[in-house]
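Chemist: Below is the file final.txt, with compact mmCIF, C-alpha atoms.
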```txt
# COMPACT_ATOMS: atom_id res chain seq x y z
CA MET M 1164 36.47 161.91 114.84
CA THR M 1165 38.49 165.14 114.91
CA ARG M 1166 39.18 166.42 118.36
CA THR M 1167 38.97 170.20 118.27
CA VAL M 1168 40.74 172.50 120.71
CA ILE M 1169 40.29 176.22 121.32
CA ALA M 1170 42.98 178.44 122.80
CA GLN M 1171 42.68 182.18 123.21
CA GLY M 1172 44.57 185.30 124.15
CA THR M 1173 45.71 188.77 123.12
CA PHE M 1174 49.09 187.87 121.56
CA ASP M 1175 50.26 191.46 121.27
CA ILE M 1176 53.98 190.63 120.92
CA VAL M 1177 54.48 186.92 120.30
CA HIS M 1178 57.06 185.27 122.59
CA PRO M 1179 58.08 181.68 123.46
CA GLY M 1180 55.54 181.57 126.31
CA HIS M 1181 52.77 181.91 123.71
CA ILE M 1182 54.38 179.23 121.56
CA HIS M 1183 54.56 176.86 124.50
CA TYR M 1184 50.90 177.46 125.34
CA LEU M 1185 49.73 176.96 121.76
CA GLU M 1186 51.86 173.85 121.17
CA GLU M 1187 50.52 172.32 124.36
CA ALA M 1188 46.95 173.24 123.37
CA ALA M 1189 47.51 171.69 119.90
CA ALA M 1190 48.68 168.47 121.56
CA MET M 1191 45.34 168.21 123.41
CA GLY M 1192 43.58 167.38 120.13
CA ASP M 1193 43.82 167.26 116.35
CA GLU M 1194 42.84 170.76 115.32
CA LEU M 1195 43.64 174.02 117.06
CA TYR M 1196 41.57 177.16 116.71
CA VAL M 1197 42.82 180.29 118.40
CA ILE M 1198 40.50 183.13 119.33
CA VAL M 1199 42.43 186.41 119.30
CA ALA M 1200 40.90 189.02 121.58
CA ARG M 1201 39.69 192.26 120.06
CA LYS M 1202 40.92 195.44 121.70
CA ALA M 1203 37.45 196.14 123.12
CA ASN M 1204 37.57 192.84 125.01
CA VAL M 1205 40.94 193.47 126.62
CA ASP M 1206 40.10 195.10 129.91
CA HIS M 1207 42.10 193.13 132.44
CA LYS M 1208 45.37 194.67 131.25
CA GLU M 1209 46.55 197.56 129.04
CA LYS M 1210 45.14 197.71 125.53
CA PRO M 1211 47.25 195.96 122.89
CA ILE M 1212 49.70 197.95 120.75
CA CYS M 1213 49.15 195.98 117.53
CA PRO M 1214 45.81 195.94 115.70
CA ALA M 1215 43.64 192.85 116.07
CA THR M 1216 44.00 191.71 112.45
CA GLN M 1217 47.79 191.93 112.73
CA ARG M 1218 47.79 189.89 115.95
CA ARG M 1219 45.51 187.34 114.31
CA ASP M 1220 47.71 187.06 111.21
CA VAL M 1221 50.87 186.41 113.23
CA VAL M 1222 49.16 183.73 115.35
CA ASP M 1223 47.69 182.17 112.21
CA ALA M 1224 51.21 181.80 110.77
CA LEU M 1225 52.34 179.57 113.65
CA GLU M 1226 52.78 175.91 112.88
CA ALA M 1227 50.79 174.76 115.92
CA VAL M 1228 47.74 176.77 114.84
CA ASP M 1229 45.19 175.56 112.29
CA GLU M 1230 43.11 178.70 112.33
CA ALA M 1231 43.22 181.99 114.19
CA ILE M 1232 40.05 184.07 114.33
CA LEU M 1233 39.03 187.32 115.96
CA GLY M 1234 36.84 187.21 119.02
CA HIS M 1235 33.28 188.49 119.17
CA GLU M 1236 32.92 192.03 120.46
CA GLU M 1237 29.88 191.51 122.65
CA ASP M 1238 29.63 187.84 123.49
CA ILE M 1239 32.92 185.96 123.80
CA PHE M 1240 31.07 182.63 123.71
CA VAL M 1241 29.79 183.12 120.14
CA PRO M 1242 32.88 181.73 118.33
CA ILE M 1243 33.05 178.91 120.89
CA GLU M 1244 29.47 177.95 120.04
CA GLU M 1245 30.31 178.06 116.34
CA ILE M 1246 33.46 175.92 116.64
CA ASP M 1247 31.86 173.58 119.18
CA PRO M 1248 35.20 172.37 120.56
CA ASP M 1249 36.06 169.26 122.53
CA VAL M 1250 38.56 171.12 124.68
CA ILE M 1251 39.15 174.70 125.75
CA ALA M 1252 42.78 175.17 126.73
CA LEU M 1253 43.47 178.01 129.15
CA GLY M 1254 46.92 179.52 129.50
CA HIS M 1255 48.71 178.93 132.78
CA ASP M 1256 48.49 182.61 133.71
CA GLN M 1257 45.09 183.47 132.28
CA HIS M 1258 42.79 184.79 134.95
CA HIS M 1259 39.75 182.81 133.94
CA ASP M 1260 37.58 180.96 136.35
CA ALA M 1261 37.49 177.47 134.82
CA ALA M 1262 34.38 176.49 136.83
CA GLY M 1263 32.54 179.63 135.67
CA ILE M 1264 33.41 178.91 132.05
CA GLU M 1265 32.33 175.29 132.39
CA SER M 1266 28.92 176.24 133.76
CA GLU M 1267 28.35 178.80 130.99
CA LEU M 1268 29.35 176.16 128.38
CA GLU M 1269 26.91 173.72 129.94
CA ARG M 1270 24.13 176.33 129.96
CA ARG M 1271 24.69 176.80 126.21
CA GLY M 1272 24.82 173.08 125.53
CA ILE M 1273 28.51 173.00 124.53
CA ASP M 1274 29.93 169.70 125.66
CA CYS M 1275 33.65 170.25 126.20
CA THR M 1276 36.29 170.09 128.87
CA VAL M 1277 38.34 173.00 130.15
CA GLU M 1278 42.02 172.26 130.61
CA ARG M 1279 44.87 174.45 131.71
CA ALA M 1280 48.25 174.50 129.96
CA SER M 1281 51.43 174.45 131.99
CA GLY M 1282 53.82 177.38 132.22
CA ARG M 1283 57.01 177.32 130.19
CA ASP M 1284 60.20 176.53 132.04
CA PRO M 1285 62.61 179.31 131.16
CA ALA M 1286 64.83 177.80 128.48
CA ALA M 1287 67.34 180.58 128.87
CA ASP M 1288 67.90 183.05 131.67
CA GLU M 1289 67.34 185.99 129.43
CA GLU M 1290 63.95 184.99 127.99
CA ILE M 1291 61.22 187.62 128.26
CA LEU M 1292 58.03 185.61 128.48
CA SER M 1293 55.35 188.28 128.57
CA THR M 1294 54.29 191.15 126.34
CA ARG M 1295 54.27 193.43 129.37
CA LEU M 1296 57.88 192.59 130.24
CA ILE M 1297 58.97 193.11 126.61
CA ILE M 1298 57.30 196.53 126.68
CA ASP M 1299 58.98 197.34 130.02
CA ARG M 1300 62.34 196.45 128.45
CA ILE M 1301 61.60 198.70 125.47
CA LEU M 1302 60.69 201.63 127.74
CA GLU M 1303 63.82 201.04 129.82
CA ARG M 1304 66.18 200.89 126.83
CA ARG M 1305 64.58 203.29 124.38
CA GLY M 1306 62.25 205.49 126.42
CA MET O 23 66.40 167.01 94.71
CA THR O 24 65.46 169.27 97.58
CA ARG O 25 65.73 172.94 96.79
CA THR O 26 66.99 174.73 99.88
CA VAL O 27 66.35 178.39 100.63
CA ILE O 28 67.93 180.65 103.22
CA ALA O 29 66.26 183.77 104.60
CA GLN O 30 67.69 185.93 107.34
CA GLY O 31 66.92 188.83 109.63
CA THR O 32 66.69 190.10 113.19
CA PHE O 33 63.01 189.34 113.87
CA ASP O 34 62.88 191.29 117.12
CA ILE O 35 59.08 191.65 117.21
CA VAL O 36 57.45 189.39 114.64
CA HIS O 37 54.88 191.14 112.41
CA PRO O 38 53.01 190.29 109.17
CA GLY O 39 55.83 191.82 107.07
CA HIS O 40 58.14 189.10 108.39
CA ILE O 41 55.52 186.43 107.70
CA HIS O 42 55.11 187.66 104.14
CA TYR O 43 58.88 187.59 103.57
CA LEU O 44 59.29 184.10 105.03
CA GLU O 45 56.30 182.65 103.17
CA GLU O 46 57.61 184.07 99.93
CA ALA O 47 61.10 182.71 100.68
CA ALA O 48 59.61 179.28 101.47
CA ALA O 49 57.82 179.30 98.12
CA MET O 50 61.18 179.71 96.35
CA GLY O 51 62.10 176.11 97.25
CA ASP O 52 61.27 173.07 99.35
CA GLU O 53 63.05 173.73 102.59
CA LEU O 54 63.48 177.06 104.37
CA TYR O 55 66.29 177.78 106.79
CA VAL O 56 66.27 181.12 108.57
CA ILE O 57 69.42 182.66 109.98
CA VAL O 58 68.54 184.86 112.94
CA ALA O 59 71.09 187.61 113.52
CA ARG O 60 72.91 187.70 116.83
CA LYS O 61 72.92 191.01 118.68
CA ALA O 62 76.62 191.53 117.89
CA ASN O 63 75.85 191.39 114.17
CA VAL O 64 73.08 193.99 114.28
CA ASP O 65 74.86 197.25 113.61
CA HIS O 66 72.77 198.87 110.87
CA LYS O 67 69.94 199.62 113.30
CA GLU O 68 69.33 199.65 117.06
CA LYS O 69 70.18 196.48 118.97
CA PRO O 70 67.26 194.05 119.38
CA ILE O 71 65.21 194.03 122.58
CA CYS O 72 64.64 190.27 122.72
CA PRO O 73 67.52 187.81 123.22
CA ALA O 74 68.73 185.90 120.18
CA THR O 75 67.52 182.49 121.37
CA GLN O 76 64.04 183.91 121.96
CA ARG O 77 63.95 185.47 118.48
CA ARG O 78 65.13 182.17 116.99
CA ASP O 79 62.49 180.16 118.88
CA VAL O 80 59.63 182.38 117.68
CA VAL O 81 60.80 182.23 114.04
CA ASP O 82 61.27 178.47 114.35
CA ALA O 83 57.61 178.12 115.40
CA LEU O 84 56.34 179.62 112.14
CA GLU O 85 54.76 177.24 109.67
CA ALA O 86 56.79 178.56 106.72
CA VAL O 87 60.08 177.84 108.49
CA ASP O 88 61.74 174.43 108.57
CA GLU O 89 64.63 175.46 110.77
CA ALA O 90 65.74 178.69 112.39
CA ILE O 91 69.35 178.95 113.51
CA LEU O 92 71.51 181.64 115.07
CA GLY O 93 73.99 183.45 112.90
CA HIS O 94 77.75 183.20 113.29
CA GLU O 95 79.31 185.96 115.39
CA GLU O 96 82.38 186.60 113.24
CA ASP O 97 81.68 185.32 109.75
CA ILE O 98 78.09 185.54 108.58
CA PHE O 99 78.85 183.25 105.64
CA VAL O 100 79.66 180.24 107.86
CA PRO O 101 76.06 178.95 108.25
CA ILE O 102 75.48 179.62 104.54
CA GLU O 103 78.47 177.41 103.69
CA GLU O 104 77.14 174.70 106.01
CA ILE O 105 73.61 174.76 104.60
CA ASP O 106 74.82 175.15 101.01
CA PRO O 107 71.53 176.62 99.76
CA ASP O 108 70.12 176.87 96.25
CA VAL O 109 68.62 180.29 96.93
CA ILE O 110 69.26 183.15 99.30
CA ALA O 111 66.10 185.23 99.69
CA LEU O 112 66.64 188.84 100.71
CA GLY O 113 63.86 190.88 102.28
CA HIS O 114 62.47 193.74 100.22
CA ASP O 115 63.88 196.32 102.65
CA GLN O 116 67.13 194.63 103.62
CA HIS O 117 70.10 196.82 102.83
CA HIS O 118 72.24 194.11 101.34
CA ASP O 119 74.12 194.49 98.15
CA ALA O 120 72.98 191.43 96.15
CA ALA O 121 75.93 191.66 93.75
CA GLY O 122 78.42 191.81 96.66
CA ILE O 123 76.83 188.76 98.26
CA GLU O 124 76.87 186.88 94.98
CA SER O 125 80.57 187.51 94.41
CA GLU O 126 81.42 186.40 97.98
CA LEU O 127 79.33 183.23 97.48
CA GLU O 128 81.18 182.54 94.26
CA ARG O 129 84.55 183.12 95.94
CA ARG O 130 83.57 180.48 98.52
CA GLY O 131 82.28 178.06 95.92
CA ILE O 132 78.63 178.26 96.99
CA ASP O 133 76.52 177.88 93.89
CA CYS O 134 73.26 179.66 94.61
CA THR O 135 71.11 182.49 93.36
CA VAL O 136 70.20 185.61 95.31
CA GLU O 137 66.57 186.65 95.01
CA ARG O 138 64.67 189.48 96.60
CA ALA O 139 61.24 189.06 98.16
CA SER O 140 58.51 191.59 97.46
CA GLY O 141 57.10 193.95 100.07
CA ARG O 142 53.78 193.18 101.65
CA ASP O 143 50.81 195.14 100.45
CA PRO O 144 49.21 196.56 103.57
CA ALA O 145 46.26 194.26 104.22
CA ALA O 146 44.75 196.74 106.64
CA ASP O 147 45.37 200.45 107.13
CA GLU O 148 46.40 199.97 110.69
CA GLU O 149 49.09 197.34 110.18
CA ILE O 150 52.48 198.11 111.73
CA LEU O 151 54.95 196.34 109.48
CA SER O 152 58.27 197.01 111.18
CA THR O 153 59.76 196.38 114.61
CA ARG O 154 60.89 200.01 114.73
CA LEU O 155 57.36 201.31 114.13
CA ILE O 156 55.93 198.95 116.76
CA ILE O 157 58.51 200.29 119.23
CA ASP O 158 57.66 203.88 118.24
CA ARG O 159 53.99 203.14 118.93
CA ILE O 160 54.89 201.65 122.33
CA LEU O 161 56.93 204.73 123.27
CA GLU O 162 54.11 207.01 122.10
CA ARG O 163 51.39 205.19 124.04
CA ARG O 164 53.20 203.97 127.12
CA GLY O 165 56.35 206.05 127.42
```
Hey, can you dump this file as structure tokens for me?

Modeler:
Amino acid sequence: MTRTVIAQGTFDIVHPGHIHYLEEAAAMGDELYVIVARKANVDHKEKPICPATQRRDVVDALEAVDEAILGHEEDIFVPIEEIDPDVIALGHDQHHDAAGIESELERRGIDCTVERASGRDPAADEEILSTRLIIDRILERRG
Amino acid sequence: MTRTVIAQGTFDIVHPGHIHYLEEAAAMGDELYVIVARKANVDHKEKPICPATQRRDVVDALEAVDEAILGHEEDIFVPIEEIDPDVIALGHDQHHDAAGIESELERRGIDCTVERASGRDPAADEEILSTRLIIDRILERRG
């Protein structure tokens, strides 16, 4: 039996924090699908700079990832229903309510667990482990 | 016999143009090493935003890449001598003089060919296939 894991995010500028999250998610099972948020579904932070297909293609090229797909514009649970995962792996800093997700999964008859990945320990002092901080650095140095 | 390929670059913000280059380089042999330029060696364009170790770690996480290493600060041919590749794959837009590189390789007794990767056909109109253009977009939208 293949144990399928779903991770998800915006992945506007890929950094080692993303890699850590996706490698940990991959280790929770045998096959990792990543749902890449469409611009319309990003409303908890500023809209991404890179187009959705570009963000998907970069994530899809990562070794930890078996398949990256774009999210559904109206109902974010649609690809989850299609993939029917064993595990949904949340990022350590993703503002999702795990209990809320679990009850919606149950309502839809998707039998899977929701786990949360750990944060990455900074491997080097200088690491910039968020898209927002990389953008801040760009504005500071080039703006 | 393992056919070893070297690719190289700055890889400040990874985009599908990088992925295309590295996948094409990987297809030129069996094992792909990527030399990631240190900040001190980037003088033909603006200095990278992300630290060298971070850029190396992201490149190293790509499926096409067997090993990403940092370049040498003083003599960029040192890691090439150590790896002793069969092929050096240049990016389609890298301003290297292939003939100059070949003669330096010959002088050092490194028997390898220098090939140039193709450019990526834009898969989508919106794609932003250079770090500089991604930074321009950031400055335009957030600056």

Chemist: If we count only C-alpha atoms and set the cut-off at 12 Å, which residues sit around region 127-129 of chain O, ignoring sequence neighbours fewer than 3 positions away in its own chain? Please answer as a PyMOL selection string.

Modeler: chain O and resi 98-100+102-103+106-110+120-124+132-136

Chemist: As an exercise, work out the distance from CA of Arg1271 (chain M) to CA of Gln1171 (chain M) in Å and give it to one decimal place.

Modeler: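 That distance, rounded to one decimal, is 19.0 Å.
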
Chemist: As a ChimeraX atom specification, could you give me every residue of chain O near chain M (at most 8 Å apart, counting all atoms listed in the file)?

Modeler: /O:35-38,41,71-73,75-76,79-80,83-86,146,148-150,156-157,159-161,164-165

Chemist: To one decimal in Å, tell me the separation between CA of Ser1281 (chain M) and CA of Glu1194 (chain M).

Modeler: 19.1 Å

Chemist: Give me, please, the distance in Å between CA of Asn63 (chain O) and CA of Gly93 (chain O), quoted to one decimal.

Modeler: 8.3 Å

Chemist: My list of candidates is M:Glu1237, M:Asp1284, M:Asp1256, M:Glu1245. Which is closest to Ala1203 (chain M) when distances are computed with only C-alpha atoms?

Modeler: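 Of M:Glu1237, M:Asp1284, M:Asp1256, M:Glu1245, the one nearest Ala1203 (chain M) is M:Glu1237, counting only C-alpha atoms.
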
Chemist: Go through O:Val64, O:Met50, O:Leu155, O:Leu44 and flag the residue nearest Glu95 (chain O), using all atoms listed in the file for the distances.

Modeler: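 Smallest distance to Glu95 (chain O) is found for O:Val64.
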
Chemist: With only C-alpha atoms as the counted atoms, please give the residues lying no more than 10 Å from Gln1257 (chain M), apart from itself and same-chain residues fewer than 6 positions off, as a VMD selection string.

Modeler: chain M and resid 1171 to 1172 1279 to 1280

Chemist: For the selection just defined, write its residues with C-alpha atoms to a file, as a PDB file, keeping the file's coordinate frame.

Modeler:
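Output below, filename part_39.pdb:
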```
ATOM      1  CA  GLN M1171      42.680 182.180 123.210  1.00  0.00           C
ATOM      2  CA  GLY M1172      44.570 185.300 124.150  1.00  0.00           C
ATOM      3  CA  ARG M1279      44.870 174.450 131.710  1.00  0.00           C
ATOM      4  CA  ALA M1280      48.250 174.500 129.960  1.00  0.00           C
TER       5      ALA M1280
END
```

Chemist: For a quick check of understanding, using all atoms listed in the file, which of M:Ala1189, M:Leu1233, M:Tyr1184, M:Val1168 has the smallest distance to Arg1201 (chain M)?

Modeler: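 Checking each of M:Ala1189, M:Leu1233, M:Tyr1184, M:Val1168 against Arg1201 (chain M), counting all atoms listed in the file, the winner is M:Leu1233.
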